[in-house]
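entry20.cif (mmCIF, C-alpha atoms and all ligand atoms) appears below.
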```cif
data_work
loop_
_atom_site.label_atom_id
_atom_site.label_comp_id
_atom_site.auth_asym_id
_atom_site.auth_seq_id
_atom_site.Cartn_x
_atom_site.Cartn_y
_atom_site.Cartn_z
CA MET A 1 87.82 56.71 114.38
CA LYS A 2 88.69 57.04 118.04
CA ASN A 3 88.54 60.61 119.26
CA THR A 4 91.86 61.40 120.91
CA SER A 5 91.16 65.08 121.58
CA ASP A 6 89.48 66.34 124.71
CA GLU A 7 86.18 66.87 122.90
CA ILE A 8 82.96 65.03 123.65
CA GLN A 9 81.60 63.79 120.31
CA SER A 10 80.19 60.40 121.16
CA VAL A 11 78.67 58.52 124.05
CA GLU A 12 82.04 56.76 124.48
CA ASP A 13 83.79 60.13 124.84
CA ALA A 14 81.28 61.17 127.52
CA ALA A 15 81.81 57.92 129.45
CA ARG A 16 85.60 58.18 129.12
CA LYS A 17 85.50 61.73 130.46
CA ALA A 18 83.36 60.73 133.44
CA ILE A 19 85.64 57.82 134.33
CA ALA A 20 88.92 59.74 133.78
CA ASP A 21 91.02 60.41 136.83
CA ASN A 22 92.97 63.64 137.02
CA LEU A 23 93.70 66.40 139.48
CA PHE A 24 90.76 68.51 138.35
CA ALA A 25 88.11 65.86 137.65
CA PRO A 26 85.45 64.94 140.23
CA ARG A 27 86.48 61.89 142.27
CA PHE A 28 84.70 58.94 143.82
CA TYR A 29 85.43 58.23 147.48
CA THR A 30 85.42 55.41 149.96
CA THR A 31 86.05 55.75 153.68
CA ASP A 32 86.31 54.13 157.13
CA PHE A 33 82.72 52.98 157.70
CA ALA A 34 83.34 51.82 161.29
CA ALA A 35 84.48 55.34 162.20
CA MET A 36 81.40 56.76 160.45
CA ASP A 37 79.29 54.42 162.56
CA ARG A 38 80.78 55.86 165.78
CA LEU A 39 79.77 59.47 165.04
CA ASP A 40 77.64 61.04 167.75
CA VAL A 41 75.43 64.03 166.92
CA GLU A 42 74.04 64.36 170.48
CA PRO A 43 75.85 67.70 171.10
CA VAL A 44 73.87 69.27 168.22
CA ARG A 45 70.66 67.25 168.68
CA ALA A 46 68.13 70.12 168.45
CA GLU A 47 69.55 71.50 165.20
CA TRP A 48 70.04 67.99 163.85
CA ASP A 49 66.42 67.01 164.41
CA ALA A 50 65.17 70.21 162.79
CA MET A 51 67.30 69.46 159.76
CA MET A 52 66.11 65.86 159.56
CA ALA A 53 62.52 67.09 159.62
CA GLU A 54 63.34 69.23 156.55
CA TYR A 55 64.76 66.20 154.75
CA GLU A 56 61.69 64.22 155.63
CA GLY A 57 59.40 67.03 154.39
CA ASP A 58 61.18 66.65 151.03
CA ASN A 59 60.03 69.91 149.48
CA ASN A 60 61.86 69.09 146.24
CA HIS A 61 60.22 65.71 145.65
CA ASP A 62 58.45 66.98 142.50
CA HIS A 63 61.11 69.43 141.36
CA PHE A 64 63.30 67.27 139.16
CA GLN A 65 60.83 66.72 136.37
CA ARG A 66 60.83 68.46 133.04
CA ASP A 67 58.01 70.87 132.32
CA ALA A 68 56.04 71.19 129.07
CA THR A 69 58.39 73.69 127.43
CA PHE A 70 61.71 72.03 128.31
CA ALA A 71 62.20 70.06 125.10
CA ASP A 72 61.17 73.02 122.89
CA GLU A 73 63.60 75.28 124.68
CA VAL A 74 66.43 72.80 124.19
CA ARG A 75 65.69 72.68 120.46
CA GLU A 76 65.28 76.43 119.97
CA LEU A 77 68.33 77.38 121.99
CA ALA A 78 70.60 74.75 120.42
CA ASP A 79 70.94 76.87 117.28
CA ARG A 80 72.29 79.75 119.31
CA MET A 81 75.12 77.71 120.80
CA SER A 82 78.52 78.08 119.17
CA PRO A 83 80.47 74.81 118.78
CA GLU A 84 82.82 76.00 121.54
CA LEU A 85 79.96 76.76 123.93
CA ARG A 86 78.29 73.46 123.12
CA GLN A 87 81.53 71.61 123.92
CA GLU A 88 81.99 73.44 127.23
CA PHE A 89 78.35 72.87 128.13
CA LEU A 90 78.67 69.13 127.47
CA ASP A 91 81.85 69.07 129.55
CA PHE A 92 79.97 70.90 132.30
CA LEU A 93 77.12 68.36 132.17
CA VAL A 94 79.48 65.38 132.32
CA SER A 95 81.55 66.74 135.20
CA SER A 96 78.45 67.85 137.11
CA LEU A 97 76.83 64.47 136.60
CA THR A 98 80.01 62.76 137.81
CA SER A 99 80.15 64.80 140.98
CA GLU A 100 76.43 64.41 141.72
CA PHE A 101 76.73 60.67 141.22
CA SER A 102 79.91 60.58 143.31
CA GLY A 103 77.87 61.93 146.25
CA CYS A 104 75.10 59.45 145.54
CA VAL A 105 77.48 56.47 145.56
CA LEU A 106 79.37 57.57 148.68
CA TYR A 107 76.23 58.35 150.72
CA ASN A 108 74.67 55.06 149.68
CA GLU A 109 77.80 53.10 150.60
CA ILE A 110 77.98 54.74 154.02
CA LYS A 111 74.29 54.01 154.57
CA ARG A 112 74.77 50.34 153.69
CA ASN A 113 77.73 49.98 156.02
CA VAL A 114 76.60 51.65 159.26
CA THR A 115 73.96 50.87 161.86
CA ASN A 116 74.05 54.27 163.63
CA PRO A 117 70.44 55.42 163.03
CA ASP A 118 71.25 59.15 162.71
CA ILE A 119 73.95 58.62 160.12
CA ARG A 120 71.99 55.96 158.22
CA GLN A 121 68.96 58.19 157.93
CA LEU A 122 71.00 61.20 156.84
CA MET A 123 72.86 59.23 154.19
CA GLU A 124 69.62 57.83 152.84
CA TYR A 125 68.15 61.31 152.38
CA MET A 126 71.28 62.72 150.79
CA ALA A 127 71.64 59.77 148.41
CA ARG A 128 67.98 60.27 147.44
CA ASP A 129 68.66 63.90 146.53
CA GLU A 130 71.90 63.23 144.64
CA SER A 131 70.30 60.44 142.68
CA ARG A 132 67.59 62.85 141.50
CA HIS A 133 70.22 65.44 140.58
CA ALA A 134 72.32 62.94 138.65
CA GLY A 135 69.26 61.57 136.83
CA PHE A 136 68.13 65.05 135.85
CA ILE A 137 71.51 65.93 134.33
CA ASN A 138 71.71 62.59 132.59
CA SER A 139 68.38 63.22 130.88
CA SER A 140 69.90 66.39 129.39
CA LEU A 141 72.93 64.44 128.18
CA LYS A 142 70.51 61.95 126.60
CA ASP A 143 69.03 64.78 124.51
CA TYR A 144 72.42 64.87 122.78
CA GLY A 145 72.63 61.06 122.60
CA LEU A 146 75.34 61.21 125.29
CA GLY A 147 73.64 59.58 128.28
CA ILE A 148 76.07 58.00 130.72
CA ASP A 149 75.66 54.43 131.96
CA LEU A 150 75.78 55.09 135.70
CA GLY A 151 76.16 51.40 136.60
CA ASN A 152 79.24 51.23 134.43
CA LEU A 153 80.58 54.48 135.89
CA LYS A 154 80.13 53.08 139.40
CA ARG A 155 82.05 49.94 138.48
CA SER A 156 84.81 51.54 136.42
CA LYS A 157 85.72 54.69 138.29
CA HIS A 158 88.73 54.69 140.59
CA TYR A 159 87.84 55.22 144.27
CA THR A 160 89.99 57.43 146.50
CA TYR A 161 90.16 56.41 150.17
CA PHE A 162 89.65 59.35 152.51
CA LYS A 163 89.55 59.19 156.31
CA PRO A 164 86.17 60.44 157.57
CA LYS A 165 87.57 63.83 158.55
CA TYR A 166 88.83 64.44 155.01
CA ILE A 167 85.44 63.37 153.68
CA PHE A 168 83.84 65.97 155.98
CA TYR A 169 86.15 68.82 154.94
CA ALA A 170 86.04 68.00 151.24
CA THR A 171 82.37 67.12 150.96
CA TYR A 172 81.19 69.99 153.14
CA LEU A 173 83.10 72.38 150.91
CA SER A 174 81.96 70.85 147.67
CA GLU A 175 78.29 70.98 148.77
CA LYS A 176 78.58 74.62 149.86
CA ILE A 177 80.61 75.83 146.90
CA GLY A 178 78.17 73.91 144.70
CA TYR A 179 75.35 75.92 146.26
CA ALA A 180 77.24 79.19 145.75
CA ARG A 181 78.01 78.42 142.10
CA TYR A 182 74.45 77.44 141.23
CA ILE A 183 72.80 80.34 143.03
CA ARG A 184 75.19 82.85 141.43
CA ILE A 185 74.29 81.48 137.99
CA PHE A 186 70.59 81.40 138.81
CA ARG A 187 70.62 85.05 139.97
CA GLN A 188 72.50 86.14 136.85
CA LEU A 189 70.04 84.42 134.50
CA GLU A 190 67.09 85.66 136.52
CA LYS A 191 68.33 89.16 135.66
CA HIS A 192 69.27 88.26 132.07
CA PRO A 193 66.86 85.57 130.86
CA GLU A 194 67.98 86.23 127.27
CA LYS A 195 71.34 84.69 128.21
CA ARG A 196 69.85 81.42 129.42
CA PHE A 197 71.06 79.08 126.70
CA HIS A 198 69.60 75.92 128.22
CA PRO A 199 66.45 75.32 130.32
CA ILE A 200 68.33 73.31 132.97
CA PHE A 201 69.42 76.56 134.62
CA ARG A 202 65.79 77.30 135.55
CA TRP A 203 66.03 74.38 137.99
CA PHE A 204 69.11 75.67 139.83
CA GLN A 205 67.54 77.59 142.71
CA ARG A 206 65.61 74.77 144.35
CA TRP A 207 68.34 72.35 143.31
CA CYS A 208 71.06 74.22 145.13
CA ASN A 209 68.94 74.41 148.26
CA ASP A 210 69.41 70.63 148.45
CA GLU A 211 73.18 71.10 148.22
CA PHE A 212 73.01 73.80 150.87
CA ARG A 213 71.25 71.39 153.23
CA HIS A 214 73.75 68.61 152.51
CA GLY A 215 76.47 71.05 153.55
CA GLU A 216 74.52 71.84 156.73
CA SER A 217 74.61 68.15 157.66
CA PHE A 218 78.40 68.02 157.52
CA ALA A 219 78.63 71.34 159.39
CA LEU A 220 76.60 69.84 162.24
CA ILE A 221 78.68 66.65 162.27
CA MET A 222 81.91 68.64 162.47
CA ARG A 223 80.59 71.00 165.15
CA ALA A 224 79.51 67.94 167.16
CA HIS A 225 83.14 66.75 167.02
CA PRO A 226 85.04 69.98 167.70
CA HIS A 227 88.49 68.37 167.70
CA LEU A 228 88.05 68.19 163.91
CA LEU A 229 88.22 71.98 163.87
CA ARG A 230 91.20 72.49 166.18
CA GLY A 231 94.99 72.12 166.33
CA GLY A 232 96.73 70.34 163.47
CA ASN A 233 93.38 69.70 161.76
CA GLN A 234 93.25 73.40 160.96
CA LEU A 235 96.19 72.85 158.61
CA TRP A 236 94.04 70.32 156.75
CA ILE A 237 91.07 72.68 156.64
CA ARG A 238 93.34 75.32 155.16
CA PHE A 239 94.59 72.86 152.60
CA PHE A 240 91.10 71.78 151.54
CA LEU A 241 89.84 75.36 151.32
CA LEU A 242 92.68 76.35 149.05
CA ALA A 243 92.49 73.15 146.99
CA VAL A 244 88.75 73.55 146.39
CA TYR A 245 88.98 77.26 145.54
CA ALA A 246 92.02 76.81 143.30
CA THR A 247 90.50 73.84 141.46
CA MET A 248 87.38 75.80 140.71
CA TYR A 249 89.36 78.81 139.48
CA VAL A 250 91.56 76.74 137.18
CA ARG A 251 88.59 74.81 135.76
CA ASP A 252 86.50 77.92 135.15
CA HIS A 253 89.41 79.59 133.41
CA THR A 254 89.97 76.64 131.12
CA ARG A 255 86.32 76.78 129.96
CA PRO A 256 85.52 80.52 129.95
CA ALA A 257 82.93 80.36 127.14
CA LEU A 258 80.34 78.87 129.49
CA LYS A 259 80.45 81.81 131.90
CA GLN A 260 80.81 84.36 129.13
CA ALA A 261 77.66 83.08 127.42
CA MET A 262 75.81 83.83 130.65
CA GLY A 263 77.29 87.33 130.70
CA LEU A 264 79.61 86.45 133.57
CA GLU A 265 83.30 87.26 133.63
CA PRO A 266 85.06 84.11 134.99
CA THR A 267 87.33 85.86 137.52
CA GLU A 268 84.53 88.02 138.85
CA TYR A 269 82.19 85.04 139.02
CA ASP A 270 84.75 82.97 140.91
CA PHE A 271 85.40 85.71 143.44
CA ASP A 272 81.65 86.16 144.00
CA VAL A 273 81.46 82.44 144.66
CA PHE A 274 84.46 82.59 147.04
CA ARG A 275 82.82 85.46 148.90
CA ILE A 276 79.54 83.57 149.35
CA THR A 277 81.39 80.40 150.37
CA ASN A 278 83.54 82.30 152.87
CA GLU A 279 80.40 83.73 154.48
CA ILE A 280 78.80 80.30 154.75
CA THR A 281 81.84 78.40 156.03
CA LYS A 282 82.09 80.73 159.03
CA GLN A 283 79.44 78.45 160.57
CA VAL A 284 82.01 75.69 160.99
CA PHE A 285 85.61 76.61 160.14
CA PRO A 286 87.36 79.01 162.55
CA PHE A 287 88.95 81.01 159.71
CA VAL A 288 88.45 81.92 156.06
CA LEU A 289 91.01 82.38 153.31
CA ASP A 290 91.97 86.00 152.72
CA ILE A 291 90.56 86.19 149.21
CA ASP A 292 91.21 89.95 149.02
CA HIS A 293 94.93 89.53 149.61
CA PRO A 294 96.78 90.64 146.42
CA ALA A 295 98.95 87.50 146.58
CA PHE A 296 95.78 85.39 146.48
CA HIS A 297 94.64 86.98 143.20
CA ASP A 298 98.13 86.77 141.67
CA GLY A 299 98.60 83.20 142.85
CA LEU A 300 95.39 81.99 141.21
CA ALA A 301 96.23 83.66 137.91
CA ARG A 302 99.70 82.14 138.02
CA LEU A 303 98.32 78.73 138.90
CA ALA A 304 95.92 78.80 135.94
CA ARG A 305 98.85 79.72 133.68
CA CYS A 306 101.01 76.86 135.03
CA VAL A 307 98.18 74.38 134.46
CA SER A 308 97.55 75.52 130.90
CA LYS A 309 101.30 75.40 130.09
CA ALA A 310 101.53 71.91 131.62
CA ASP A 311 98.51 70.84 129.54
CA ALA A 312 100.12 72.27 126.41
CA GLY A 313 103.27 70.26 127.16
CA LYS A 314 101.20 67.13 127.62
CA ALA A 315 99.34 67.75 124.36
CA ALA A 316 102.61 68.34 122.49
CA GLY A 317 103.89 64.95 123.70
CA GLY A 318 107.38 63.57 123.13
CA LEU A 319 110.24 63.90 125.56
CA PHE A 320 110.34 67.68 125.33
CA GLY A 321 106.58 67.93 125.88
CA LYS A 322 106.80 65.65 128.92
CA LEU A 323 109.63 67.70 130.39
CA ARG A 324 107.67 70.88 129.85
CA GLN A 325 104.64 69.31 131.50
CA ALA A 326 106.73 68.23 134.50
CA ALA A 327 108.40 71.63 134.88
CA TRP A 328 105.10 73.52 134.79
CA SER A 329 103.53 71.07 137.23
CA VAL A 330 106.37 71.70 139.70
CA ALA A 331 105.95 75.45 139.18
CA GLY A 332 102.21 75.09 139.85
CA ALA A 333 102.86 73.17 143.07
CA ALA A 334 105.24 75.91 144.22
CA VAL A 335 102.61 78.59 143.56
CA PHE A 336 100.07 76.53 145.53
CA ALA A 337 102.52 76.18 148.45
CA ARG A 338 103.14 79.94 148.54
CA MET A 339 99.40 80.61 148.52
CA TYR A 340 98.98 78.18 151.40
CA LEU A 341 101.18 80.46 153.50
CA ILE A 342 99.03 83.59 153.01
CA PRO A 343 97.67 84.41 156.51
CA VAL A 344 94.03 83.41 157.07
CA LYS A 345 91.32 85.56 158.69
CA ARG A 346 90.11 84.16 162.01
CA HIS A 347 86.75 84.54 163.74
CA ALA A 348 84.80 83.02 166.66
CA LEU A 349 82.35 80.24 165.76
CA PRO A 350 78.65 81.21 166.07
CA ALA A 351 76.50 79.61 168.80
CA THR A 352 73.76 78.80 166.28
CA ILE A 353 75.29 76.63 163.61
CA ARG A 354 72.60 76.41 160.94
CA MET A 355 72.18 79.02 158.23
CA GLN A 356 69.55 79.73 155.61
CA PRO A 357 70.31 79.71 151.87
CA ALA A 358 69.74 83.45 151.57
CA TRP A 359 71.89 84.44 148.59
FE FE B 1 73.54 67.30 144.23
FE FE B 2 74.80 67.50 147.45
#
```
Before we go any further, please render this structure as structure tokens.
Amino acid sequence: MKNTSDEIQSVEDAARKAIADNLFAPRFYTTDFAAMDRLDVEPVRAEWDAMMAEYEGDNNHDHFQRDATFADEVRELADRMSPELRQEFLDFLVSSLTSEFSGCVLYNEIKRNVTNPDIRQLMEYMARDESRHAGFINSSLKDYGLGIDLGNLKRSKHYTYFKPKYIFYATYLSEKIGYARYIRIFRQLEKHPEKRFHPIFRWFQRWCNDEFRHGESFALIMRAHPHLLRGGNQLWIRFFLLAVYATMYVRDHTRPALKQAMGLEPTEYDFDVFRITNEITKQVFPFVLDIDHPAFHDGLARLARCVSKADAGKAAGGLFGKLRQAAWSVAGAAVFARMYLIPVKRHALPATIRMQPAW
């Protein structure tokens, strides 16, 4: 029988979930390759070359391989997972795989379509890393018989067209927030190894250093093209910051069991991640969101409520369910718009752009 719920029970469910297109699912992107080809990193050459040397050194080349105890740990810990946790963990694996593979596909496509040697080389390194990340997650899905056919995903997924500048804002943020999320989890489980319910989390520290470096690449590209960080573009930066933070909050609050199993309270975890991300993004964006503003906290809580009410309407179906879904979606958009107007906190950009993953 076809599974119509949101649960992942079969390999078809996993594939359907990865391909699905909705506001909160990871997307695949395409962009203006000619504009990518015209990028010029000369203004940041010294920092760029240092970063490229790190990519070339490839200190994670042997990291994404399972060690001797991995399979035993998976087996032993499986018994400790409640059905709810197992479901959220599978959902986490599928969405993480989709976003890793999204990066892999985009970076590969850019590489194939430009001749600019700096950009080509960068994209090749980043695609290399993301392909390792995606493969490593997929091997964990395969343990459950839920491996995803990445060729099929690449062919079937809808691609969103983003101008290069939107790619920079969105991808920079997703790499950096990805770092912050993984390192926060790694630190928590380092302190509480008894709460590590799957061995994959042992890989997170060196893994997220790759994501950190990917973010550095986009920071350098944006700082080399400072008009991307001025004037009307700041309205876009503000939009992407809020969209990325709000999406993460809503998603984490719709699957709280995952964080709770690690001994993390979802709201506290999210605000720790916002704090780390705010610190990092000071390297490139001239302001940060005021995450301590009371209206920011209230807005996120309200947004999560609107989304869950809209989902409930959708699940109920029928005309009344659809109307409820529409009404709560409009309410959610209004909350988002009000949050967008909360004043931001400005700062001067640092002379040295690059940062170290020191959290
Ligand atoms: Fe990655
Ligand atoms: Fe990445």
Could you give me, as JSON lines, a per-residue list for chain A showing, wherever an atom lies at most 6 Å from an atom of ligand FE 1 (chain B), the closest pair of atoms and their distance in Å to one decimal, using only C-alpha atoms and all ligand atoms and sorting by chain then residue number from low to high?
```
{"residue": "A:Glu100", "atom": "CA", "partner": "B:FE1", "partner_atom": "FE", "distance": 4.8}
{"residue": "A:Glu130", "atom": "CA", "partner": "B:FE1", "partner_atom": "FE", "distance": 4.4}
{"residue": "A:His133", "atom": "CA", "partner": "B:FE1", "partner_atom": "FE", "distance": 5.3}
{"residue": "A:Glu211", "atom": "CA", "partner": "B:FE1", "partner_atom": "FE", "distance": 5.5}
```
(request) Could the residues that lie within 9 Å of ligand FE 2 (chain B), counting all atoms listed in the file, be listed as a count of residues only? (result) 23
(message) Under the rule that only C-alpha atoms are counted, which of A:Lys142, A:Arg16, A:Arg38, A:His61 is the nearest residue to Thr98 of chain A?
(response) A:Arg16
(message) If we draw a sphere of 12 Å around (85.1, 70.5, 120.3), which residues have at least one atom in it when counting all atoms listed in the file? Please report them as a PyMOL selection string.
(response) chain A and resi 3-10+13+82-91+255
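Atom pair atom CA of Ala46 of chain A / atom CA of Leu220 of chain A has a distance of 10.5 Å (rounded to one decimal).
When all atoms listed in the file are used to compute distances to Arg187 of chain A, the closest of the residues A:Trp359, A:Ile19, A:Asp252, A:Asp311 turns out to be A:Trp359.
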(request) May I ask for the distance between atom CA of Ala20 of chain A and atom CA of Ala78 of chain A, given in Å to one decimal place? (result) 27.2 Å
(message) Show me, as a ChimeraX atom specification, the residues that have an atom within 10 Å of Arg354 of chain A when counting only C-alpha atoms, minus same-chain residues fewer than 2 positions from it.
(response) /A:47-48,50-51,213,215-217,219-220,280,283-284,350-352,356-357
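Within 8 Å of Asp290 of chain A, once all atoms listed in the file are used and residues closer than 3 positions along the same chain are dropped, the contacting residues are A:His293, A:Phe296, A:Ile342, A:Pro343, A:Val344, A:Lys345.
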(request) Select, from A:Met248, A:Phe285, A:Leu97, A:Glu56, the residue with the minimum atom-to-atom distance to Phe271 of chain A, counting only C-alpha atoms. (result) A:Met248
(request) Rank nothing, just name the residue among A:Ala337, A:Ala71, A:Leu264, A:Ile185 nearest to Arg238 of chain A, using only C-alpha atoms. (result) A:Ala337
(message) For a quick check of understanding, using only C-alpha atoms, which of A:Leu303, A:Met36, A:Leu229, A:Ala315 has the smallest distance to Phe336 of chain A?
(response) A:Leu303
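Atom CA of Tyr125 of chain A is positioned 8.9 Å from atom CA of Asp58 of chain A.
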(request) Name all residues at most 12 Å from Lys154 of chain A (count only C-alpha atoms; drop same-chain ones fewer than 6 positions away) and give them as a PyMOL selection string. (result) chain A and resi 15+18-19+27-29+98-99+101-106+108-109+148
For the selection you just gave me, I'd like the residues written to a file as a short mmCIF file (atom, residue, chain, number, x, y, z; two decimals), in the frame of the given file, keeping C-alpha atoms.
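Heads up, here's the output in out27.cif:
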```
data_model
loop_
_atom_site.label_atom_id
_atom_site.label_comp_id
_atom_site.auth_asym_id
_atom_site.auth_seq_id
_atom_site.Cartn_x
_atom_site.Cartn_y
_atom_site.Cartn_z
CA ALA A 15 81.81 57.92 129.45
CA ALA A 18 83.36 60.73 133.44
CA ILE A 19 85.64 57.82 134.33
CA ARG A 27 86.48 61.89 142.27
CA PHE A 28 84.70 58.94 143.82
CA TYR A 29 85.43 58.23 147.48
CA THR A 98 80.01 62.76 137.81
CA SER A 99 80.15 64.80 140.98
CA PHE A 101 76.73 60.67 141.22
CA SER A 102 79.91 60.58 143.31
CA GLY A 103 77.87 61.93 146.25
CA CYS A 104 75.10 59.45 145.54
CA VAL A 105 77.48 56.47 145.56
CA LEU A 106 79.37 57.57 148.68
CA ASN A 108 74.67 55.06 149.68
CA GLU A 109 77.80 53.10 150.60
CA ILE A 148 76.07 58.00 130.72
#
```
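Taking only C-alpha atoms into account, Gly263 of chain A lies nearest to A:Glu194 out of the set A:Glu194, A:Asp143, A:Asp292, A:Asp32.
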(request) Would you list the residues near (96.1, 71.8, 153.0) (no more than 12 Å away, in the coordinates of the file, using only C-alpha atoms) as a PyMOL selection string? (result) chain A and resi 166+169-170+232-246+289+336-341
From the block I gave, I'd like segment 341-348 of chain A written with all heavy atoms, as a CSV table (one decimal), in the first residue's frame.
```
chain,number,residue,atom,x,y,z
A,341,LEU,N,10.9,43.9,9.7
A,341,LEU,CA,11.0,45.3,10.1
A,341,LEU,C,11.7,45.5,11.4
A,341,LEU,O,12.0,46.7,11.8
A,341,LEU,CB,9.6,45.9,10.1
A,341,LEU,CG,8.9,45.9,8.7
A,341,LEU,CD1,7.5,46.4,8.8
A,341,LEU,CD2,9.7,46.6,7.7
A,342,ILE,N,12.1,44.5,12.1
A,342,ILE,CA,12.8,44.7,13.4
A,342,ILE,C,14.2,45.3,13.0
A,342,ILE,O,14.9,44.7,12.2
A,342,ILE,CB,13.0,43.3,14.1
A,342,ILE,CG1,11.7,42.7,14.5
A,342,ILE,CG2,13.9,43.6,15.4
A,342,ILE,CD1,11.8,41.3,15.1
A,343,PRO,N,14.6,46.4,13.7
A,343,PRO,CA,15.9,47.0,13.3
A,343,PRO,C,17.0,46.0,13.4
A,343,PRO,O,17.1,45.2,14.4
A,343,PRO,CB,16.0,48.2,14.3
A,343,PRO,CG,14.6,48.4,14.8
A,343,PRO,CD,13.9,47.1,14.8
A,344,VAL,N,18.0,46.1,12.5
A,344,VAL,CA,19.2,45.3,12.5
A,344,VAL,C,20.3,46.0,13.3
A,344,VAL,O,20.2,47.2,13.6
A,344,VAL,CB,19.7,44.9,11.1
A,344,VAL,CG1,18.6,44.1,10.4
A,344,VAL,CG2,20.0,46.2,10.3
A,345,LYS,N,21.3,45.2,13.7
A,345,LYS,CA,22.5,45.8,14.4
A,345,LYS,C,23.7,45.9,13.4
A,345,LYS,O,24.1,44.9,12.9
A,345,LYS,CB,22.9,44.9,15.6
A,345,LYS,CG,21.8,44.9,16.7
A,345,LYS,CD,22.0,43.8,17.7
A,345,LYS,CE,22.4,44.4,19.0
A,345,LYS,NZ,22.5,43.4,20.0
A,346,ARG,N,24.1,47.1,13.2
A,346,ARG,CA,25.2,47.4,12.2
A,346,ARG,C,26.5,47.4,12.8
A,346,ARG,O,26.7,47.6,14.0
A,346,ARG,CB,24.9,48.7,11.5
A,346,ARG,CG,23.6,48.7,10.8
A,346,ARG,CD,23.5,49.9,9.8
A,346,ARG,NE,22.3,49.6,8.9
A,346,ARG,CZ,22.5,49.1,7.7
A,346,ARG,NH1,23.7,48.8,7.3
A,346,ARG,NH2,21.4,48.8,7.0
A,347,HIS,N,27.5,47.1,12.0
A,347,HIS,CA,28.9,47.1,12.4
A,347,HIS,C,29.8,47.4,11.2
A,347,HIS,O,29.3,47.3,10.0
A,347,HIS,CB,29.3,45.8,13.0
A,347,HIS,CG,29.1,44.6,12.1
A,347,HIS,ND1,28.0,43.8,12.2
A,347,HIS,CD2,29.9,44.2,11.0
A,347,HIS,CE1,28.1,42.9,11.2
A,347,HIS,NE2,29.2,43.1,10.5
A,348,ALA,N,31.1,47.8,11.4
A,348,ALA,CA,32.0,48.0,10.3
A,348,ALA,C,32.6,46.6,9.9
A,348,ALA,O,32.8,45.8,10.7
A,348,ALA,CB,33.1,48.9,10.7
```
